[in-house]
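> This one is upload-v9.txt, compact mmCIF, C-alpha atoms.
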# COMPACT_ATOMS: atom_id res chain seq x y z
CA MET A 61 -4.24 10.11 -26.15
CA GLN A 62 -1.83 9.35 -23.32
CA PRO A 63 -3.69 8.80 -20.05
CA ARG A 64 -2.82 11.41 -17.41
CA ILE A 65 -2.55 9.87 -13.97
CA LEU A 66 -1.81 11.55 -10.65
CA VAL A 67 -0.19 9.16 -8.16
CA THR A 68 0.24 10.24 -4.54
CA GLY A 69 2.90 8.58 -2.43
CA ALA A 70 4.82 8.19 -5.68
CA ALA A 71 8.20 7.79 -3.97
CA GLY A 72 7.04 5.01 -1.68
CA PHE A 73 7.20 1.25 -2.07
CA ILE A 74 3.96 0.65 -3.97
CA GLY A 75 3.77 4.14 -5.46
CA SER A 76 7.18 4.09 -7.13
CA ALA A 77 6.59 0.61 -8.56
CA LEU A 78 3.18 1.64 -9.89
CA THR A 79 4.60 4.84 -11.37
CA GLU A 80 7.21 2.91 -13.35
CA ARG A 81 4.60 0.46 -14.61
CA LEU A 82 2.34 3.29 -15.78
CA LEU A 83 5.21 5.05 -17.53
CA ARG A 84 6.14 1.82 -19.33
CA ALA A 85 2.54 1.70 -20.54
CA ASP A 86 3.00 5.20 -22.04
CA ALA A 87 0.97 7.09 -19.44
CA ARG A 88 1.88 10.58 -18.29
CA VAL A 89 2.31 10.54 -14.51
CA VAL A 90 2.33 13.37 -12.02
CA GLY A 91 3.78 12.01 -8.80
CA VAL A 92 3.10 13.69 -5.45
CA ASP A 93 5.22 12.96 -2.38
CA ASN A 94 6.30 14.95 0.67
CA PHE A 95 9.25 12.63 1.49
CA ASP A 96 8.02 12.18 5.02
CA PRO A 97 10.88 11.19 7.37
CA PHE A 98 8.93 8.16 8.70
CA TYR A 99 11.82 6.39 6.99
CA ASP A 100 14.89 7.74 5.21
CA PRO A 101 13.81 10.24 2.49
CA ALA A 102 17.03 9.43 0.61
CA GLU A 103 15.73 5.92 0.04
CA LYS A 104 12.49 7.30 -1.38
CA ARG A 105 14.45 9.52 -3.74
CA ARG A 106 16.37 6.46 -4.95
CA ASN A 107 13.03 4.75 -5.55
CA LEU A 108 12.08 7.55 -7.92
CA GLU A 109 15.30 7.66 -9.95
CA PRO A 110 13.99 5.46 -12.82
CA ALA A 111 10.79 7.51 -13.07
CA ARG A 112 12.60 10.85 -13.00
CA ALA A 113 14.65 9.76 -16.01
CA HIS A 114 11.42 9.41 -18.00
CA ASP A 115 10.00 12.30 -20.05
CA GLY A 116 6.46 11.41 -19.06
CA PHE A 117 7.00 11.95 -15.34
CA ARG A 118 6.65 15.09 -13.26
CA LEU A 119 7.27 15.26 -9.50
CA ILE A 120 5.47 17.58 -7.10
CA GLU A 121 6.97 17.73 -3.61
CA ALA A 122 4.00 18.56 -1.40
CA ASP A 123 1.94 17.37 1.52
CA CYS A 124 -1.27 15.83 0.16
CA ALA A 125 -3.21 17.47 3.01
CA ASP A 126 -2.13 20.94 1.80
CA LEU A 127 -4.75 21.50 -0.87
CA ASP A 128 -3.68 25.06 -1.69
CA ALA A 129 -0.07 24.02 -2.30
CA LEU A 130 -1.20 21.16 -4.52
CA GLU A 131 -3.50 23.40 -6.52
CA ALA A 132 -0.71 25.91 -7.08
CA ALA A 133 1.84 23.25 -8.07
CA LEU A 134 -0.53 21.54 -10.50
CA GLY A 135 -1.23 24.73 -12.42
CA ASP A 136 -3.50 23.91 -15.34
CA GLU A 137 -2.88 20.15 -15.07
CA ARG A 138 -6.07 18.08 -15.07
CA PRO A 139 -5.45 14.36 -14.56
CA ASP A 140 -7.84 11.74 -15.90
CA VAL A 141 -7.61 9.71 -12.70
CA ILE A 142 -6.15 10.08 -9.20
CA VAL A 143 -4.52 7.09 -7.48
CA HIS A 144 -4.22 8.04 -3.82
CA LEU A 145 -1.59 5.84 -2.16
CA ALA A 146 0.08 8.40 0.12
CA ALA A 147 -0.38 7.56 3.80
CA ARG A 148 1.36 7.28 7.12
CA ALA A 149 1.52 3.51 7.50
CA GLY A 150 1.99 1.16 10.43
CA VAL A 151 -0.30 -0.11 13.17
CA ARG A 152 2.04 0.19 16.17
CA PRO A 153 3.39 3.69 15.37
CA SER A 154 -0.17 4.97 14.95
CA ILE A 155 -0.84 4.23 18.62
CA GLU A 156 2.10 6.47 19.57
CA ALA A 157 1.30 9.32 17.15
CA PRO A 158 -2.44 9.28 16.36
CA LEU A 159 -2.61 12.96 15.37
CA ASP A 160 0.06 12.45 12.72
CA TYR A 161 -2.01 9.60 11.29
CA ALA A 162 -5.19 11.66 11.27
CA HIS A 163 -3.36 14.37 9.32
CA ALA A 164 -1.55 12.13 6.84
CA ASN A 165 -4.34 9.64 6.23
CA LEU A 166 -7.63 11.39 6.90
CA MET A 167 -6.98 15.04 6.06
CA ALA A 168 -4.89 14.10 3.03
CA THR A 169 -7.63 11.84 1.66
CA GLN A 170 -10.18 14.60 2.16
CA ALA A 171 -7.91 17.06 0.34
CA MET A 172 -7.30 14.72 -2.60
CA LEU A 173 -11.02 14.05 -3.02
CA GLU A 174 -11.68 17.77 -2.95
CA LEU A 175 -8.90 18.30 -5.49
CA ALA A 176 -10.63 15.77 -7.73
CA ARG A 177 -13.95 17.62 -7.37
CA ARG A 178 -12.42 21.01 -8.11
CA ARG A 179 -10.56 19.72 -11.17
CA GLY A 180 -13.47 17.74 -12.53
CA VAL A 181 -11.66 14.43 -12.09
CA ARG A 182 -14.36 11.73 -12.06
CA ARG A 183 -12.11 8.72 -11.40
CA PHE A 184 -10.45 7.96 -8.05
CA VAL A 185 -8.59 4.90 -6.74
CA PHE A 186 -7.89 4.78 -3.01
CA GLY A 187 -5.28 2.58 -1.32
CA SER A 188 -6.96 1.17 1.76
CA SER A 189 -5.81 -1.64 4.05
CA SER A 190 -6.73 -5.06 5.39
CA SER A 191 -6.29 -3.53 8.86
CA VAL A 192 -9.88 -2.25 8.65
CA TYR A 193 -11.11 -5.80 9.37
CA GLY A 194 -9.60 -5.78 12.88
CA ASN A 195 -9.76 -9.13 14.67
CA ASN A 196 -12.44 -10.47 12.36
CA PRO A 197 -13.24 -14.02 13.52
CA LYS A 198 -14.53 -15.01 10.07
CA VAL A 199 -12.01 -16.06 7.45
CA PRO A 200 -11.31 -15.31 4.73
CA PHE A 201 -12.17 -11.61 5.06
CA ALA A 202 -14.82 -10.49 2.59
CA GLU A 203 -15.70 -6.94 1.62
CA ASP A 204 -19.17 -7.14 3.17
CA ASP A 205 -17.86 -8.24 6.59
CA PRO A 206 -18.41 -5.73 9.44
CA VAL A 207 -15.54 -3.23 9.76
CA ASP A 208 -16.83 -0.93 12.50
CA HIS A 209 -14.45 -2.09 15.24
CA PRO A 210 -10.91 -0.97 14.24
CA ILE A 211 -8.23 -1.73 16.81
CA SER A 212 -5.64 0.93 15.92
CA PRO A 213 -5.70 4.58 14.82
CA TYR A 214 -4.17 3.48 11.50
CA ALA A 215 -7.05 1.11 10.83
CA ALA A 216 -9.57 3.75 11.87
CA THR A 217 -8.11 6.34 9.49
CA LYS A 218 -8.18 3.88 6.60
CA ARG A 219 -11.82 3.02 7.23
CA ALA A 220 -12.62 6.71 7.56
CA GLY A 221 -10.92 7.28 4.20
CA GLU A 222 -13.22 4.73 2.61
CA LEU A 223 -16.24 6.55 4.04
CA LEU A 224 -15.01 9.87 2.65
CA CYS A 225 -14.58 8.21 -0.73
CA HIS A 226 -18.15 6.99 -0.65
CA THR A 227 -19.38 10.45 0.27
CA TYR A 228 -17.68 12.02 -2.76
CA HIS A 229 -18.94 9.22 -5.01
CA HIS A 230 -22.48 9.89 -3.77
CA LEU A 231 -22.36 13.68 -3.94
CA HIS A 232 -20.33 14.14 -7.12
CA ASP A 233 -20.95 10.97 -9.13
CA MET A 234 -17.29 9.91 -9.06
CA ALA A 235 -16.15 6.42 -9.98
CA VAL A 236 -14.29 5.36 -6.84
CA LEU A 237 -12.59 2.05 -6.10
CA CYS A 238 -11.18 1.46 -2.60
CA LEU A 239 -8.56 -1.29 -2.67
CA ARG A 240 -7.84 -3.10 0.61
CA PHE A 241 -4.20 -4.20 0.36
CA PHE A 242 -3.07 -7.26 2.31
CA THR A 243 0.58 -7.11 3.56
CA VAL A 244 2.42 -6.21 0.37
CA TYR A 245 6.08 -7.21 -0.02
CA GLY A 246 8.77 -7.08 -2.68
CA PRO A 247 11.71 -4.88 -3.75
CA ARG A 248 11.67 -1.43 -2.07
CA GLN A 249 9.48 -2.64 0.79
CA ARG A 250 9.51 -0.21 3.71
CA PRO A 251 12.33 -0.87 6.22
CA ASP A 252 9.91 -1.18 9.15
CA LEU A 253 7.85 -4.01 7.63
CA ALA A 254 8.48 -7.49 8.95
CA ILE A 255 9.95 -9.22 5.90
CA ARG A 256 12.53 -6.54 5.21
CA LYS A 257 13.22 -5.88 8.88
CA PHE A 258 13.81 -9.56 9.61
CA GLY A 259 15.98 -10.04 6.52
CA THR A 260 18.12 -7.03 7.36
CA LEU A 261 18.61 -8.18 10.95
CA MET A 262 19.68 -11.62 9.72
CA LEU A 263 22.21 -10.08 7.32
CA GLU A 264 23.61 -8.03 10.21
CA GLY A 265 23.80 -10.99 12.57
CA GLU A 266 21.16 -9.59 14.92
CA PRO A 267 18.29 -11.46 16.64
CA ILE A 268 14.76 -11.40 15.22
CA PRO A 269 12.05 -9.93 17.51
CA MET A 270 9.07 -12.29 17.26
CA PHE A 271 5.95 -10.85 18.87
CA GLY A 272 3.83 -13.67 20.27
CA ASP A 273 4.39 -17.38 19.83
CA GLY A 274 4.80 -17.30 16.05
CA THR A 275 1.30 -18.53 15.25
CA THR A 276 -0.12 -15.19 14.06
CA GLU A 277 -0.84 -15.33 10.34
CA ARG A 278 -0.74 -12.84 7.49
CA ASP A 279 -1.83 -12.88 3.88
CA TYR A 280 1.45 -11.82 2.24
CA THR A 281 1.02 -10.43 -1.27
CA TRP A 282 3.76 -10.01 -3.87
CA ILE A 283 4.07 -6.46 -5.25
CA ASP A 284 3.40 -7.38 -8.89
CA ASP A 285 0.11 -9.04 -7.94
CA ILE A 286 -0.94 -5.83 -6.18
CA LEU A 287 0.10 -3.72 -9.17
CA ASP A 288 -1.96 -5.91 -11.49
CA GLY A 289 -4.98 -5.17 -9.30
CA VAL A 290 -4.33 -1.43 -9.16
CA ASP A 291 -3.80 -1.27 -12.92
CA ARG A 292 -7.09 -3.05 -13.54
CA ALA A 293 -8.85 -0.80 -11.04
CA ILE A 294 -7.63 2.28 -12.91
CA ASP A 295 -9.06 0.86 -16.14
CA ARG A 296 -12.35 -0.06 -14.48
CA THR A 297 -12.98 3.51 -13.31
CA ALA A 298 -13.03 4.50 -17.00
CA GLU A 299 -15.24 1.57 -18.03
CA HIS A 300 -17.78 1.98 -15.20
CA PRO A 301 -18.39 5.70 -14.56
CA GLY A 302 -20.13 6.58 -11.33
CA GLU A 303 -19.35 3.23 -9.67
CA PHE A 304 -18.28 2.75 -6.04
CA GLU A 305 -16.69 -0.51 -4.91
CA ILE A 306 -14.47 -1.78 -2.11
CA ILE A 307 -12.20 -4.61 -3.26
CA ASN A 308 -9.69 -6.84 -1.48
CA LEU A 309 -6.29 -7.34 -3.10
CA GLY A 310 -4.36 -10.13 -1.41
CA GLY A 311 -2.67 -13.45 -1.95
CA SER A 312 -5.65 -15.33 -0.48
CA ARG A 313 -3.37 -17.58 1.54
CA THR A 314 -2.01 -17.29 5.08
CA THR A 315 1.53 -17.81 6.38
CA SER A 316 2.41 -17.99 10.07
CA LEU A 317 5.03 -15.67 11.53
CA ALA A 318 7.25 -18.62 12.46
CA ARG A 319 7.01 -20.01 8.91
CA LEU A 320 7.82 -16.60 7.45
CA ILE A 321 11.01 -16.32 9.51
CA ASP A 322 12.06 -19.79 8.37
CA LEU A 323 11.45 -18.89 4.71
CA ILE A 324 13.55 -15.72 4.99
CA GLY A 325 16.35 -17.61 6.75
CA ASP A 326 16.33 -20.29 4.07
CA ALA A 327 16.42 -17.72 1.26
CA LEU A 328 19.38 -15.92 2.86
CA ASP A 329 21.03 -19.19 3.98
CA ILE A 330 21.16 -17.86 7.54
CA GLU A 331 19.93 -19.56 10.70
CA PRO A 332 17.74 -16.95 12.41
CA GLU A 333 18.21 -16.16 16.09
CA ILE A 334 14.77 -15.46 17.56
CA ARG A 335 13.95 -13.24 20.54
CA GLN A 336 10.37 -13.89 21.60
CA LEU A 337 8.37 -10.89 22.86
CA PRO A 338 4.76 -10.33 23.99
CA MET A 339 2.02 -9.58 21.46
CA GLN A 340 1.75 -5.86 20.71
CA PRO A 341 -1.36 -3.69 21.13
CA GLY A 342 -3.15 -3.18 17.82
CA ASP A 343 -1.82 -6.37 16.23
CA VAL A 344 -4.38 -8.75 14.75
CA ARG A 345 -4.19 -12.53 14.95
CA ARG A 346 -4.77 -13.16 11.27
CA THR A 347 -5.36 -11.52 7.90
CA TYR A 348 -6.75 -13.51 5.00
CA ALA A 349 -8.26 -12.06 1.82
CA ASP A 350 -11.31 -13.35 0.04
CA VAL A 351 -10.47 -12.27 -3.54
CA GLU A 352 -13.59 -13.60 -5.27
CA LYS A 353 -14.87 -10.06 -5.84
CA ALA A 354 -11.49 -8.90 -7.18
CA GLY A 355 -11.51 -11.82 -9.59
CA ARG A 356 -15.07 -11.08 -10.70
CA LEU A 357 -14.72 -7.30 -11.15
CA LEU A 358 -11.05 -6.94 -12.07
CA GLY A 359 -10.02 -10.33 -13.41
CA TYR A 360 -7.55 -10.37 -10.52
CA GLU A 361 -5.71 -13.59 -9.76
CA PRO A 362 -2.65 -13.59 -7.45
CA ALA A 363 0.15 -15.53 -9.11
CA VAL A 364 3.22 -15.42 -6.82
CA ALA A 365 3.24 -17.74 -3.80
CA ILE A 366 5.26 -16.83 -0.72
CA GLU A 367 7.71 -19.67 -1.45
CA GLU A 368 8.55 -17.98 -4.76
CA GLY A 369 8.33 -14.38 -3.60
CA ILE A 370 10.62 -14.56 -0.57
CA PRO A 371 13.67 -15.77 -2.57
CA ARG A 372 13.04 -12.99 -5.11
CA PHE A 373 12.84 -10.44 -2.32
CA ALA A 374 15.98 -11.83 -0.63
CA GLU A 375 17.94 -11.38 -3.86
CA TRP A 376 16.96 -7.70 -3.98
CA LEU A 377 17.62 -7.22 -0.26
CA VAL A 378 21.15 -8.62 -0.41
CA ALA A 379 22.03 -6.35 -3.35
CA HIS A 380 20.43 -3.31 -1.68
CA HIS A 381 22.19 -4.01 1.62
CA GLN A 382 25.56 -4.22 -0.10
CA GLU A 383 24.96 -1.00 -2.06
CA THR A 384 24.01 1.03 1.00
CA GLN A 385 26.66 -0.14 3.48
Written as structure tokens, how would this file's structure read?

Amino acid sequence: MQPRILVTGAAGFIGSALTERLLRADARVVGVDNFDPFYDPAEKRRNLEPARAHDGFRLIEADCADLDALEAALGDERPDVIVHLAARAGVRPSIEAPLDYAHANLMATQAMLELARRRGVRRFVFGSSSSVYGNNPKVPFAEDDPVDHPISPYAATKRAGELLCHTYHHLHDMAVLCLRFFTVYGPRQRPDLAIRKFGTLMLEGEPIPMFGDGTTERDYTWIDDILDGVDRAIDRTAEHPGEFEIINLGGSRTTSLARLIDLIGDALDIEPEIRQLPMQPGDVRRTYADVEKAGRLLGYEPAVAIEEGIPRFAEWLVAHHQETQ
């Protein structure tokens, strides 16, 4: 039988890429998205065009926090597994609009877990974030490191989502995997994220805002590596009923901000103009994933280094920029 998978945030960067992968694997996918104007909804609709041309895809336009609307739209549909990726993302914006983040990240996660309970869905995959580690002095970050000192509302809502997931696992014997994503990049990346933002500014001849002295480091992870991990997590929820795990998905390698800007400039053949600014509240000094657990439980092994991924991304960005001008 075709697996039936409900993907929230299906029009977003990771969600649309995952949806297409699942459809290619002959799954039936119900995608949920509210086309939040955090960035241009028209771009999200373009993301979904390949999926909407597929017979196995159905789109529900709804807010994940609105459980009654979701129930009504689903009708008799009962998915085998829910992959909850929908969220309001971004550390800095969460400081400006914390209530929006509580609604989109916390209330929506609660609603999706309750939907799973009501529909008898025993498998749940939650998209969490490396931001839960805060300014962890220990590197690389491992899943059993303390995560009780978040430094932004975004990070706090993601950690709270993990706790809700554990509660539903405990009370209702759900198989739940919480995947902590580390700075995902690739085609369709959100416009506000550094790699795309910097590349776009370079193409437009504008200066690059560099917060801090360029020594902050991130574990940048190519989209296909992340999708491999999510795909394997979906399978594991079927193979290990009643299991709860938190798992890092990252590249397990750090790149400094200054090095990242150089790589983007080289890929676009543009000399970047840098405007140095103070560090921003909520920013962490470093992210770095320990992926030993992901390798052990999921067979996960990141394959695309930043030196390979940035030129691939630049190729997409140039084409996208030309199409949308």
> Could you check which of A:Glu277, A:Asp100, A:Asp350, A:Asp285 is closest to Leu317 (chain A), using all atoms listed in the file?
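For Leu317 (chain A), the nearest of the given residues is A:Glu277.
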> Looking at A:Met339, A:Ile330, A:Ile155, A:Ile366, which one is nearest to Ser312 (chain A), with distances taken over all atoms listed in the file?
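Closest to Ser312 (chain A) of all the choices is A:Ile366.
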> Could you name the residues that touch Cys225 (chain A) at 10 Å or less, counting only C-alpha atoms, but leaving out those on the same chain fewer than 4 positions away, as a VMD selection string?
chain A and resid 169 to 170 172 to 173 184 to 186 219 to 221 229 to 230 234 to 238 304 to 305
> Using all atoms listed in the file, which residues sit within 12 Å of Arg112 (chain A) once same-chain residues fewer than 5 positions away are excluded, as a VMD selection string?
chain A and resid 70 to 71 76 79 to 80 83 88 to 91 105 to 107 117 to 120
> Let me see the file: selected residues, C-alpha atoms, as a PDB file, in the frame of the given file.

ATOM      1  CA  ALA A  70       4.820   8.190  -5.680  1.00  0.00           C
ATOM      2  CA  ALA A  71       8.200   7.790  -3.970  1.00  0.00           C
ATOM      3  CA  SER A  76       7.180   4.090  -7.130  1.00  0.00           C
ATOM      4  CA  THR A  79       4.600   4.840 -11.370  1.00  0.00           C
ATOM      5  CA  GLU A  80       7.210   2.910 -13.350  1.00  0.00           C
ATOM      6  CA  LEU A  83       5.210   5.050 -17.530  1.00  0.00           C
ATOM      7  CA  ARG A  88       1.880  10.580 -18.290  1.00  0.00           C
ATOM      8  CA  VAL A  89       2.310  10.540 -14.510  1.00  0.00           C
ATOM      9  CA  VAL A  90       2.330  13.370 -12.020  1.00  0.00           C
ATOM     10  CA  GLY A  91       3.780  12.010  -8.800  1.00  0.00           C
ATOM     11  CA  ARG A 105      14.450   9.520  -3.740  1.00  0.00           C
ATOM     12  CA  ARG A 106      16.370   6.460  -4.950  1.00  0.00           C
ATOM     13  CA  ASN A 107      13.030   4.750  -5.550  1.00  0.00           C
ATOM     14  CA  PHE A 117       7.000  11.950 -15.340  1.00  0.00           C
ATOM     15  CA  ARG A 118       6.650  15.090 -13.260  1.00  0.00           C
ATOM     16  CA  LEU A 119       7.270  15.260  -9.500  1.00  0.00           C
ATOM     17  CA  ILE A 120       5.470  17.580  -7.100  1.00  0.00           C
TER      18      ILE A 120
END
> Starting from 3 Å padding per side, set up an axis-aligned box that covers all listed atoms of region 157-164 of chain A and hand over centre and edge lengths in Å, one decimal, as AutoDock Vina command-line options.

--center_x -1.9 --center_y 11.8 --center_z 12.0 --size_x 12.5 --size_y 11.1 --size_z 16.3
> Which is closer to Phe98 (chain A) than all the others in A:Asp233, A:Asp252, A:Asp126, A:Glu375, using only C-alpha atoms?
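Looking at the shortest contact to Phe98 (chain A), the residue is A:Asp252.
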> Given only C-alpha atoms as the basis, pick out the residue of A:Asp115, A:Asp291, A:Arg240, A:Ile321 nearest to Ala254 (chain A).
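Of all the options, A:Ile321 lies closest to Ala254 (chain A).
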> Could you give me, as a VMD selection string, the residues within 6 Å of Pro210 (chain A), counting all atoms listed in the file and dropping anything in the same chain fewer than 3 positions from it?
chain A and resid 192 194 215 to 216
